[in-house]
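Data block for query31.txt (compact mmCIF, C-alpha atoms and all ligand atoms):
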```txt
# COMPACT_ATOMS: atom_id res chain seq x y z
CA MET A 1 4.85 1.08 27.54
CA THR A 2 2.62 -1.78 28.68
CA HIS A 3 -0.19 -3.20 26.63
CA ALA A 4 -3.32 -4.85 27.93
CA SER A 5 -3.38 -8.08 25.96
CA LEU A 6 -2.04 -9.85 22.90
CA ALA A 7 -5.42 -9.28 21.23
CA ASP A 8 -5.00 -5.54 21.80
CA LEU A 9 -1.72 -5.78 19.94
CA GLY A 10 -3.53 -7.38 17.00
CA TRP A 11 -2.84 -11.06 17.80
CA SER A 12 -5.40 -13.49 16.42
CA ASP A 13 -6.04 -17.19 15.79
CA HIS A 14 -4.27 -16.83 12.46
CA PHE A 15 -0.98 -16.45 14.38
CA ALA A 16 -1.83 -18.84 17.22
CA ARG A 17 -2.35 -21.62 14.67
CA GLN A 18 1.25 -21.22 13.49
CA LEU A 19 2.74 -22.09 16.89
CA THR A 20 4.33 -25.51 17.30
CA ASP A 21 5.65 -27.52 20.24
CA ALA A 22 9.14 -26.34 19.34
CA ASP A 23 8.09 -22.77 20.14
CA THR A 24 7.19 -23.27 23.82
CA ALA A 25 10.25 -21.39 25.09
CA LEU A 26 9.43 -18.38 22.88
CA PHE A 27 6.79 -15.69 23.09
CA PRO A 28 5.20 -13.44 20.44
CA ALA A 29 6.14 -9.81 19.84
CA ARG A 30 4.97 -7.35 17.21
CA ILE A 31 7.52 -5.39 15.20
CA SER A 32 7.15 -1.64 15.63
CA GLU A 33 10.37 -0.44 14.02
CA VAL A 34 12.79 -1.93 11.51
CA HIS A 35 16.32 -0.52 11.66
CA ARG A 36 19.40 -1.48 9.69
CA SER A 37 20.58 -4.14 12.12
CA GLN A 38 17.94 -4.19 14.83
CA LEU A 39 14.22 -4.53 15.33
CA VAL A 40 12.02 -2.93 17.94
CA ALA A 41 9.06 -5.04 19.01
CA LEU A 42 6.12 -4.66 21.36
CA THR A 43 4.97 -7.32 23.78
CA GLN A 44 2.34 -7.34 26.50
CA ASP A 45 4.90 -6.14 29.04
CA ALA A 46 7.64 -4.22 27.33
CA ASP A 47 9.22 -2.78 24.22
CA LEU A 48 12.14 -4.95 23.15
CA ARG A 49 15.19 -4.43 20.99
CA LEU A 50 15.71 -7.63 19.06
CA THR A 51 18.46 -9.07 16.93
CA PRO A 52 16.93 -10.36 13.70
CA ALA A 53 17.56 -13.95 12.63
CA GLU A 54 17.01 -12.99 8.98
CA PRO A 55 18.19 -9.90 7.00
CA THR A 56 16.16 -6.91 8.26
CA GLY A 57 14.71 -6.42 4.76
CA HIS A 58 12.62 -9.52 5.39
CA TYR A 59 10.76 -7.80 8.21
CA ALA A 60 8.10 -5.15 8.03
CA VAL A 61 6.46 -3.04 10.69
CA GLY A 62 3.42 -4.94 11.91
CA ASP A 63 4.97 -8.42 11.58
CA TRP A 64 4.66 -10.90 14.43
CA VAL A 65 7.83 -12.71 15.49
CA LEU A 66 8.60 -15.35 18.10
CA THR A 67 11.38 -14.34 20.45
CA ASP A 68 13.23 -15.29 23.62
CA GLY A 69 13.49 -11.60 24.45
CA ALA A 70 16.78 -11.04 22.63
CA THR A 71 16.52 -12.61 19.17
CA ALA A 72 13.64 -12.61 16.69
CA PHE A 73 13.74 -16.33 15.86
CA ARG A 74 10.73 -16.88 13.69
CA ARG A 75 8.59 -14.52 11.64
CA LEU A 76 4.97 -15.61 11.49
CA GLU A 77 3.10 -15.65 8.19
CA PRO A 78 1.20 -12.34 8.01
CA VAL A 79 -2.54 -11.97 7.36
CA THR A 80 -1.94 -9.04 5.03
CA ASP A 81 1.28 -8.02 3.37
CA LEU A 82 1.80 -4.66 1.74
CA SER A 83 4.82 -4.47 -0.52
CA ARG A 84 6.04 -2.46 -3.44
CA LYS A 85 8.52 -2.71 -6.21
CA ALA A 86 11.98 -1.79 -4.94
CA ALA A 87 13.53 1.29 -6.55
CA GLY A 88 14.96 0.57 -10.00
CA HIS A 89 13.92 -2.28 -12.19
CA VAL A 90 15.14 -5.18 -10.08
CA ALA A 91 12.84 -8.08 -9.57
CA SER A 92 12.47 -7.81 -5.82
CA ASP A 93 9.75 -6.46 -3.61
CA GLN A 94 10.16 -4.14 -0.72
CA ARG A 95 7.89 -4.91 2.19
CA ILE A 96 6.08 -1.83 3.45
CA ALA A 97 3.85 -3.05 6.26
CA ALA A 98 2.34 -6.26 7.55
CA ASN A 99 -0.86 -7.30 9.26
CA VAL A 100 -2.57 -4.04 8.44
CA ASP A 101 -6.35 -4.41 8.56
CA THR A 102 -7.15 -1.21 6.69
CA VAL A 103 -5.00 0.95 4.44
CA ALA A 104 -6.16 4.52 4.05
CA VAL A 105 -5.14 6.37 0.93
CA VAL A 106 -4.86 9.96 2.02
CA THR A 107 -5.50 12.61 -0.58
CA SER A 108 -6.98 16.06 -0.32
CA CYS A 109 -9.99 17.82 -1.75
CA ASN A 110 -7.83 19.81 -4.17
CA ASP A 111 -5.31 19.30 -6.99
CA ASP A 112 -3.83 16.24 -5.30
CA PHE A 113 -7.06 14.35 -6.01
CA ASN A 114 -6.44 12.05 -8.98
CA ILE A 115 -8.74 9.18 -9.83
CA ALA A 116 -6.11 7.15 -11.74
CA ARG A 117 -3.67 7.38 -8.83
CA LEU A 118 -6.36 6.45 -6.31
CA GLU A 119 -7.19 3.43 -8.39
CA ARG A 120 -3.53 2.37 -8.42
CA TYR A 121 -3.36 2.54 -4.65
CA VAL A 122 -6.66 0.71 -4.23
CA ALA A 123 -5.48 -2.13 -6.48
CA LEU A 124 -2.28 -2.40 -4.45
CA ILE A 125 -4.25 -2.47 -1.19
CA LEU A 126 -6.69 -5.11 -2.42
CA ALA A 127 -3.73 -7.26 -3.50
CA SER A 128 -2.23 -6.98 0.00
CA GLY A 129 -5.39 -8.46 1.50
CA ALA A 130 -6.23 -5.30 3.45
CA LEU A 131 -9.40 -3.25 3.24
CA PRO A 132 -9.03 -0.01 1.28
CA LEU A 133 -10.29 3.30 2.68
CA VAL A 134 -10.01 6.75 1.14
CA VAL A 135 -9.50 9.71 3.45
CA LEU A 136 -10.01 13.08 1.81
CA THR A 137 -8.42 15.85 3.87
CA LYS A 138 -8.91 19.60 3.65
CA ALA A 139 -12.68 19.19 3.41
CA ASP A 140 -12.89 22.47 5.32
CA LEU A 141 -11.22 24.37 2.47
CA THR A 142 -13.77 23.56 -0.24
CA ASP A 143 -17.50 23.42 -0.90
CA ASP A 144 -17.04 20.35 -3.08
CA ALA A 145 -15.93 17.80 -0.45
CA GLU A 146 -19.01 15.64 -0.96
CA ASP A 147 -18.41 15.64 -4.68
CA PHE A 148 -14.80 14.41 -4.23
CA ARG A 149 -16.03 11.78 -1.80
CA ARG A 150 -18.62 10.45 -4.24
CA GLN A 151 -16.09 10.34 -7.08
CA ALA A 152 -13.78 8.24 -4.90
CA GLU A 153 -16.51 5.83 -3.79
CA ARG A 154 -17.56 5.29 -7.38
CA LEU A 155 -14.24 3.49 -8.00
CA SER A 156 -15.42 0.33 -6.31
CA PRO A 157 -18.31 -0.98 -4.24
CA LEU A 158 -15.63 -2.20 -1.82
CA LEU A 159 -14.52 1.30 -1.08
CA THR A 160 -15.48 3.74 1.68
CA ALA A 161 -14.40 7.36 1.36
CA ILE A 162 -14.47 9.89 4.17
CA ALA A 163 -13.96 13.63 3.75
CA LEU A 164 -12.71 15.46 6.82
CA ASN A 165 -10.67 18.25 8.31
CA ALA A 166 -7.49 16.56 9.55
CA LYS A 167 -6.86 19.44 11.94
CA ASP A 168 -10.14 18.85 13.76
CA ARG A 169 -9.73 16.00 16.27
CA ASP A 170 -13.48 15.44 16.64
CA ASP A 171 -13.83 15.10 12.90
CA VAL A 172 -10.85 12.68 12.77
CA ALA A 173 -12.57 10.54 15.44
CA ARG A 174 -14.82 9.31 12.61
CA LEU A 175 -11.89 7.05 11.69
CA LYS A 176 -12.24 5.16 14.99
CA PRO A 177 -13.87 2.04 13.44
CA TRP A 178 -10.66 1.43 11.47
CA CYS A 179 -8.19 1.98 14.31
CA GLY A 180 -9.96 0.83 17.48
CA GLU A 181 -8.88 -2.07 19.72
CA GLY A 182 -6.96 -4.79 17.89
CA GLN A 183 -7.23 -2.89 14.58
CA THR A 184 -4.26 -1.70 12.54
CA LEU A 185 -4.55 1.17 10.10
CA ALA A 186 -1.87 2.41 7.69
CA LEU A 187 -1.67 5.68 5.77
CA LEU A 188 -0.41 6.10 2.22
CA GLY A 189 -0.32 9.27 0.18
CA SER A 190 1.66 12.07 -1.39
CA SER A 191 3.61 14.66 0.51
CA GLY A 192 1.56 17.54 1.86
CA VAL A 193 -1.86 15.91 1.86
CA GLY A 194 -2.02 15.90 5.65
CA LYS A 195 -0.68 12.52 6.78
CA THR A 196 1.32 14.00 9.65
CA THR A 197 -1.62 16.13 10.74
CA LEU A 198 -3.83 13.05 10.60
CA ARG A 199 -1.32 10.92 12.47
CA ASN A 200 -1.11 13.44 15.28
CA ALA A 201 -4.89 13.66 15.48
CA LEU A 202 -5.18 9.85 15.59
CA THR A 203 -2.43 9.27 18.16
CA GLY A 204 -3.02 12.41 20.21
CA GLU A 205 0.63 13.36 19.78
CA GLU A 206 1.52 17.01 19.44
CA ALA A 207 3.32 18.01 16.27
CA SER A 208 5.60 20.30 18.28
CA THR A 209 6.82 17.65 20.75
CA GLN A 210 7.41 15.24 17.91
CA THR A 211 9.44 17.75 15.96
CA VAL A 212 11.59 18.48 18.99
CA ARG A 213 12.26 14.81 19.60
CA GLU A 214 13.14 14.12 15.99
CA ASP A 215 15.26 17.27 15.84
CA ASP A 216 17.34 15.98 18.76
CA ALA A 217 18.08 12.70 17.09
CA LYS A 218 18.49 13.59 13.45
CA GLY A 219 18.73 17.35 13.16
CA ARG A 220 15.81 17.25 10.78
CA HIS A 221 12.11 16.57 10.88
CA THR A 222 11.99 13.36 8.90
CA THR A 223 10.62 9.95 9.66
CA THR A 224 13.44 7.54 8.97
CA TYR A 225 11.61 4.38 9.95
CA ARG A 226 8.07 3.13 9.85
CA ALA A 227 6.59 3.13 13.25
CA LEU A 228 3.65 1.35 14.76
CA ARG A 229 1.90 3.85 17.00
CA ARG A 230 -0.97 3.47 19.41
CA THR A 231 -4.07 5.43 18.44
CA ARG A 232 -6.20 7.21 21.00
CA PHE A 233 -8.93 4.71 20.14
CA GLY A 234 -6.92 1.71 21.36
CA GLY A 235 -5.69 0.42 18.00
CA TRP A 236 -2.55 0.92 15.93
CA LEU A 237 -1.36 3.22 13.21
CA ILE A 238 1.40 2.58 10.71
CA ASP A 239 2.57 5.70 8.95
CA THR A 240 4.89 5.23 5.96
CA PRO A 241 7.01 7.99 4.41
CA GLY A 242 5.75 9.66 1.20
CA MET A 243 5.14 7.12 -1.51
CA ARG A 244 4.79 9.27 -4.58
CA GLU A 245 6.83 6.85 -6.63
CA LEU A 246 4.70 3.92 -5.69
CA GLN A 247 4.93 1.24 -8.34
CA LEU A 248 2.68 -1.70 -8.76
CA SER A 249 4.05 -5.20 -8.79
CA GLY A 250 2.30 -8.50 -8.50
CA THR A 251 -0.94 -6.69 -7.84
CA SER A 252 -2.80 -8.37 -10.67
CA GLU A 253 -5.33 -9.87 -8.26
CA GLY A 254 -6.13 -6.42 -6.90
CA ILE A 255 -6.54 -5.03 -10.42
CA ASP A 256 -8.80 -7.94 -11.36
CA GLU A 257 -10.93 -7.34 -8.29
CA LEU A 258 -11.23 -3.62 -8.90
CA PHE A 259 -12.03 -4.05 -12.60
CA ASP A 260 -13.97 -7.30 -12.41
CA ASP A 261 -16.58 -5.97 -14.87
CA ILE A 262 -13.91 -5.46 -17.57
CA GLU A 263 -12.31 -8.82 -16.80
CA GLU A 264 -15.74 -10.43 -17.27
CA LEU A 265 -16.19 -8.69 -20.61
CA ALA A 266 -12.67 -9.69 -21.70
CA ALA A 267 -13.51 -13.31 -20.90
CA GLN A 268 -16.29 -13.09 -23.48
CA CYS A 269 -14.01 -11.89 -26.31
CA LYS A 270 -13.78 -14.33 -29.22
CA PHE A 271 -10.00 -14.66 -28.87
CA SER A 272 -8.59 -15.53 -25.46
CA ASP A 273 -5.55 -13.30 -26.10
CA CYS A 274 -7.68 -10.43 -27.43
CA ALA A 275 -5.91 -7.06 -27.10
CA HIS A 276 -9.29 -5.28 -27.45
CA ALA A 277 -7.92 -3.27 -30.36
CA SER A 278 -9.16 -4.39 -33.79
CA GLU A 279 -10.00 -8.05 -33.21
CA PRO A 280 -13.43 -9.27 -34.35
CA GLY A 281 -15.83 -10.46 -31.64
CA CYS A 282 -14.33 -8.21 -28.97
CA ALA A 283 -16.80 -7.83 -26.10
CA VAL A 284 -14.79 -4.99 -24.57
CA LYS A 285 -14.93 -2.91 -27.77
CA ALA A 286 -18.66 -3.60 -27.99
CA ALA A 287 -19.18 -2.37 -24.42
CA LEU A 288 -17.15 0.77 -25.18
CA ALA A 289 -19.20 1.42 -28.31
CA SER A 290 -22.52 1.00 -26.50
CA GLY A 291 -21.40 3.23 -23.63
CA GLN A 292 -21.70 0.40 -21.13
CA LEU A 293 -17.98 0.76 -20.41
CA ASP A 294 -16.38 4.13 -19.77
CA THR A 295 -13.45 4.85 -22.14
CA ASP A 296 -11.30 6.55 -19.49
CA ARG A 297 -11.78 3.66 -17.11
CA PHE A 298 -10.84 1.20 -19.87
CA HIS A 299 -7.62 3.16 -20.55
CA ARG A 300 -6.75 3.25 -16.84
CA TRP A 301 -7.28 -0.53 -16.67
CA GLN A 302 -4.99 -1.09 -19.66
CA LYS A 303 -2.30 1.15 -18.18
CA LEU A 304 -2.42 -0.64 -14.82
CA LYS A 305 -2.22 -4.03 -16.50
CA ARG A 306 0.80 -2.97 -18.53
CA GLU A 307 2.54 -1.45 -15.53
CA ASP A 308 1.84 -4.54 -13.44
CA ALA A 309 3.13 -6.86 -16.14
CA TYR A 310 6.31 -4.80 -16.49
CA ASN A 311 6.92 -4.59 -12.75
CA SER A 312 6.17 -8.24 -12.13
CA GLU A 313 8.69 -9.31 -14.73
CA SER A 314 11.56 -11.26 -13.23
CA VAL A 315 15.18 -10.48 -14.03
CA ALA A 316 15.22 -13.62 -16.22
CA ASP A 317 12.17 -12.39 -18.13
CA THR A 318 13.80 -9.00 -18.63
CA ARG A 319 16.95 -10.60 -20.05
CA ALA A 320 14.90 -12.90 -22.30
CA ARG A 321 12.89 -9.95 -23.58
CA GLN A 322 16.01 -7.88 -24.21
CA LYS A 323 17.70 -10.82 -25.92
CA SER A 324 14.77 -11.51 -28.22
CA PHE A 325 14.51 -7.79 -28.94
CA GLY A 326 18.25 -7.80 -29.75
CA LYS A 327 17.75 -10.76 -32.09
CA MET A 328 14.80 -9.06 -33.74
CA VAL A 329 16.85 -5.89 -34.31
CA LYS A 330 19.77 -7.93 -35.72
CA GLY A 331 17.37 -9.88 -37.93
CA ALA A 332 15.75 -6.72 -39.22
CA MET A 333 19.17 -5.18 -39.92
CA ALA A 334 20.26 -8.32 -41.77
CA ASP A 335 17.06 -8.25 -43.85
CA ALA A 336 17.59 -4.59 -44.65
CA SER A 337 21.19 -5.27 -45.74
CA LYS A 338 20.01 -8.08 -48.01
CA LYS A 339 17.42 -5.83 -49.59
CA ARG A 340 20.02 -3.18 -50.19
CA GLY A 341 22.13 -5.88 -51.86
CA TYR A 342 25.17 -6.18 -49.52
N1 LIG B 401 -7.25 23.36 6.53
C1 LIG B 401 -6.69 22.15 6.54
N2 LIG B 401 -5.36 22.06 6.49
C2 LIG B 401 -4.81 20.82 6.50
C3 LIG B 401 -5.59 19.65 6.58
N3 LIG B 401 -4.77 18.59 6.55
C4 LIG B 401 -3.51 19.07 6.51
N4 LIG B 401 -3.52 20.43 6.47
C5 LIG B 401 -2.35 21.31 6.36
O1 LIG B 401 -1.63 20.93 5.20
C6 LIG B 401 -0.23 21.03 5.40
C7 LIG B 401 0.45 19.69 5.11
O2 LIG B 401 0.03 18.75 6.09
P1 LIG B 401 0.99 17.60 6.61
O3 LIG B 401 0.25 16.88 7.67
O4 LIG B 401 2.34 18.13 6.94
O5 LIG B 401 1.09 16.72 5.30
P2 LIG B 401 1.92 15.36 5.10
O6 LIG B 401 1.09 14.50 4.22
O7 LIG B 401 2.34 14.82 6.40
O8 LIG B 401 3.14 15.86 4.30
P3 LIG B 401 4.64 15.26 4.39
O9 LIG B 401 5.08 15.43 5.82
O10 LIG B 401 5.39 16.14 3.44
O11 LIG B 401 4.54 13.84 3.95
C8 LIG B 401 -0.07 21.51 6.83
O12 LIG B 401 0.11 22.89 6.81
C9 LIG B 401 -1.37 21.14 7.49
O13 LIG B 401 -1.69 21.99 8.57
C10 LIG B 401 -7.02 19.81 6.61
O14 LIG B 401 -7.81 18.83 6.63
N5 LIG B 401 -7.50 21.08 6.60
ZN ZN B 402 -11.44 -8.01 -26.70
```
Do you think you could lay out the structure here as structure tokens?
Ligand SMILES: Nc1nc2c(ncn2[C@@H]2O[C@H](COP(=O)(O)OP(=O)(O)OP(=O)(O)O)[C@@H](O)[C@H]2O)c(=O)[nH]1
Ligand SMILES: [Zn+2]
Amino acid sequence: MTHASLADLGWSDHFARQLTDADTALFPARISEVHRSQLVALTQDADLRLTPAEPTGHYAVGDWVLTDGATAFRRLEPVTDLSRKAAGHVASDQRIAANVDTVAVVTSCNDDFNIARLERYVALILASGALPLVVLTKADLTDDAEDFRRQAERLSPLLTAIALNAKDRDDVARLKPWCGEGQTLALLGSSGVGKTTLRNALTGEEASTQTVREDDAKGRHTTTYRALRRTRFGGWLIDTPGMRELQLSGTSEGIDELFDDIEELAAQCKFSDCAHASEPGCAVKAALASGQLDTDRFHRWQKLKREDAYNSESVADTRARQKSFGKMVKGAMADASKKRGY
């Protein structure tokens, strides 16, 4: 595959500024696949298989690297960085995709639609630096598509929501502004909402040919890596496998941005560590009482904050918490023994 220019591949001044005199023998390439011990990268002229200089876990699809054509020597600092908590409660992040301009949360106009989950995704996207977009599929199967769309857009003034029929290529062409030349779009969402259908409509690939190819290699129709694919509008699409277990970590900035009205209220509480429960002078409680702040939204905010705090905890913090909990339990048991007189 040949590509017209670096700019078409998503190259910008942000990356050019990171080049130094020491890099003159190297050229830029954009990572399209991350495998266990190898990377695949796109350049203006060719697709390359590269040996990574760092563990492959450090790379994400969409990253720019500097290479001599055989080794990926230097990974350039990304503009946007989408990562998630690795499985299990270990304090490390798993990089999902890099240099994505827009992340579309794909959900459908049916039971999959869930405001709290959408909000979670949007906070994660805002924290990555990318622009959030909501794509509501299966608009052709309901009369309420516009209603779903409005509910989604109400989450944030930063948010655009589009309801469409993912099987209709003309309808899907409405996504062109987010995946035209030099633009990179990524899709997130639960299984069955239509991500594959959407991907095929955006790239012009046929589901059948894809299935055959993947059947040959793996014996099953599964996407085992995250690929950067060209869209029929000249941009790029990153499609990640189902992320139902998406956990938030270090997304506090995204949560603050999405709930800036509550953060502003909380800043007015009398106590700086107000838990907005029974403290006097609580501006949040006052806003709830007057109806200015929606109770459900307040609960979703609290849940996200708790989840983020838990997931952002380092291993050291976890140990410290467990230790102090252990001490507290021991202390309480000792007190109880004393009371009982032995
Ligand atoms: N009528 C209609 N059907 C759709 C639409 N989007 C997806 N579908 C159908 O919904 C089913 C699931 O779509 P997929 O594209 O496989 O969903 P997915 O998100 O890729 O699911 P996984 O591969 O499990 O992650 C398929 O039968 C699609 O044909 C839509 O907008 N309208
Ligand atoms: Zn308060």
*Between A:Leu175, A:Leu155, A:Ile238, A:Cys109, single out the one closest to ligand LIG 401 (chain B), counting only C-alpha atoms and all ligand atoms.*
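The closest residue to ligand LIG 401 (chain B) is A:Cys109.
If you look at CA of Lys138 in chain A and CA of Leu126 in chain A, they are 25.5 Å away from each other.
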Check which residues of chain A sit at most 7 Å from ligand LIG 401 (chain B) using all atoms listed in the file, and return one row each with the closest pair of atoms and their distance in Å to one decimal, ordered by chain and rising number, as CSV.
```
residue,atom,partner,partner_atom,distance
A:Thr137,CA,B:LIG401,O14,4.1
A:Lys138,CA,B:LIG401,O14,3.3
A:Ala139,CA,B:LIG401,O14,5.8
A:Asp140,CA,B:LIG401,N5,5.7
A:Leu141,CA,B:LIG401,N1,5.8
A:Leu164,CA,B:LIG401,O14,6.0
A:Asn165,CA,B:LIG401,O14,3.4
A:Ala166,CA,B:LIG401,O14,3.7
A:Lys167,CA,B:LIG401,C10,5.3
A:Gly189,CA,B:LIG401,O6,6.8
A:Ser190,CA,B:LIG401,O6,6.1
A:Ser191,CA,B:LIG401,O11,3.7
A:Gly192,CA,B:LIG401,O8,3.4
A:Val193,CA,B:LIG401,O6,4.0
A:Gly194,CA,B:LIG401,O3,3.2
A:Lys195,CA,B:LIG401,O6,3.7
A:Thr196,CA,B:LIG401,O7,3.5
A:Thr197,CA,B:LIG401,O3,3.7
A:Leu198,CA,B:LIG401,O3,6.3
A:Pro241,CA,B:LIG401,O11,6.4
A:Gly242,CA,B:LIG401,O11,5.1
```
Could you give me, as JSON lines, a per-residue list for chain A showing, wherever an atom lies at most 10 Å from an atom of ligand ZN 402 (chain B), the closest pair of atoms and their distance in Å to one decimal, using all atoms listed in the file and sorting by chain then residue number from low to high?
```
{"residue": "A:Ile262", "atom": "CA", "partner": "B:ZN402", "partner_atom": "ZN", "distance": 9.8}
{"residue": "A:Glu263", "atom": "CA", "partner": "B:ZN402", "partner_atom": "ZN", "distance": 10.0}
{"residue": "A:Leu265", "atom": "CA", "partner": "B:ZN402", "partner_atom": "ZN", "distance": 7.8}
{"residue": "A:Ala266", "atom": "CA", "partner": "B:ZN402", "partner_atom": "ZN", "distance": 5.4}
{"residue": "A:Ala267", "atom": "CA", "partner": "B:ZN402", "partner_atom": "ZN", "distance": 8.1}
{"residue": "A:Gln268", "atom": "CA", "partner": "B:ZN402", "partner_atom": "ZN", "distance": 7.7}
{"residue": "A:Cys269", "atom": "CA", "partner": "B:ZN402", "partner_atom": "ZN", "distance": 4.7}
{"residue": "A:Lys270", "atom": "CA", "partner": "B:ZN402", "partner_atom": "ZN", "distance": 7.2}
{"residue": "A:Phe271", "atom": "CA", "partner": "B:ZN402", "partner_atom": "ZN", "distance": 7.1}
{"residue": "A:Ser272", "atom": "CA", "partner": "B:ZN402", "partner_atom": "ZN", "distance": 8.1}
{"residue": "A:Asp273", "atom": "CA", "partner": "B:ZN402", "partner_atom": "ZN", "distance": 7.9}
{"residue": "A:Cys274", "atom": "CA", "partner": "B:ZN402", "partner_atom": "ZN", "distance": 4.5}
{"residue": "A:Ala275", "atom": "CA", "partner": "B:ZN402", "partner_atom": "ZN", "distance": 5.6}
{"residue": "A:His276", "atom": "CA", "partner": "B:ZN402", "partner_atom": "ZN", "distance": 3.6}
{"residue": "A:Ala277", "atom": "CA", "partner": "B:ZN402", "partner_atom": "ZN", "distance": 6.9}
{"residue": "A:Ser278", "atom": "CA", "partner": "B:ZN402", "partner_atom": "ZN", "distance": 8.3}
{"residue": "A:Glu279", "atom": "CA", "partner": "B:ZN402", "partner_atom": "ZN", "distance": 6.7}
{"residue": "A:Pro280", "atom": "CA", "partner": "B:ZN402", "partner_atom": "ZN", "distance": 8.0}
{"residue": "A:Gly281", "atom": "CA", "partner": "B:ZN402", "partner_atom": "ZN", "distance": 7.0}
{"residue": "A:Cys282", "atom": "CA", "partner": "B:ZN402", "partner_atom": "ZN", "distance": 3.7}
{"residue": "A:Ala283", "atom": "CA", "partner": "B:ZN402", "partner_atom": "ZN", "distance": 5.4}
{"residue": "A:Val284", "atom": "CA", "partner": "B:ZN402", "partner_atom": "ZN", "distance": 5.0}
{"residue": "A:Lys285", "atom": "CA", "partner": "B:ZN402", "partner_atom": "ZN", "distance": 6.3}
{"residue": "A:Ala286", "atom": "CA", "partner": "B:ZN402", "partner_atom": "ZN", "distance": 8.6}
{"residue": "A:Ala287", "atom": "CA", "partner": "B:ZN402", "partner_atom": "ZN", "distance": 9.8}
```
*asked:* Which residues are near Pro52 in chain A? Cut-off 8 Å, all atoms listed in the file, ignore same chain within fewer than 3 positions. Put them as a PyMOL selection string.
replied: chain A and resi 37-39+55-56+71-73
*Which polymer residues have any atom within 12 Å of an atom of Gln44 in chain A, counting all atoms listed in the file, with same-chain residues fewer than 2 positions away left out, as a PyMOL selection string?*
chain A and resi 1-11+27-30+41-42+46-48
*Any idea what the distance is between CA of Ala70 in chain A and CA of Glu54 in chain A?*
13.8 Å
*Can you list, as a VMD selection string, every protein, DNA or RNA residue that comes within 12 Å of Asp260 in chain A when you count all atoms listed in the file, leaving out same-chain residues fewer than 6 positions away?*
chain A and resid 123 155 to 158 252 to 254 266 to 267 298 301
*Which residue gives the smallest distance to Leu66 in chain A among A:Asn114, A:Gln151, A:Ser83, A:Thr51, with all atoms listed in the file counted?*
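Among A:Asn114, A:Gln151, A:Ser83, A:Thr51, it is A:Thr51 that comes nearest to Leu66 in chain A.
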*Separation of CA of Arg174 in chain A from CA of Thr231 in chain A, in Å and rounded to one decimal*: 12.8 Å
*asked:* Taking (-12.4, -2.6, -2.1) as a centre in this file's frame and 12 Å as the limit, can you find every polymer residue with an atom that close, using only C-alpha atoms, and give them as a PyMOL selection string?
replied: chain A and resi 102-105+118-134+152-161+253-260
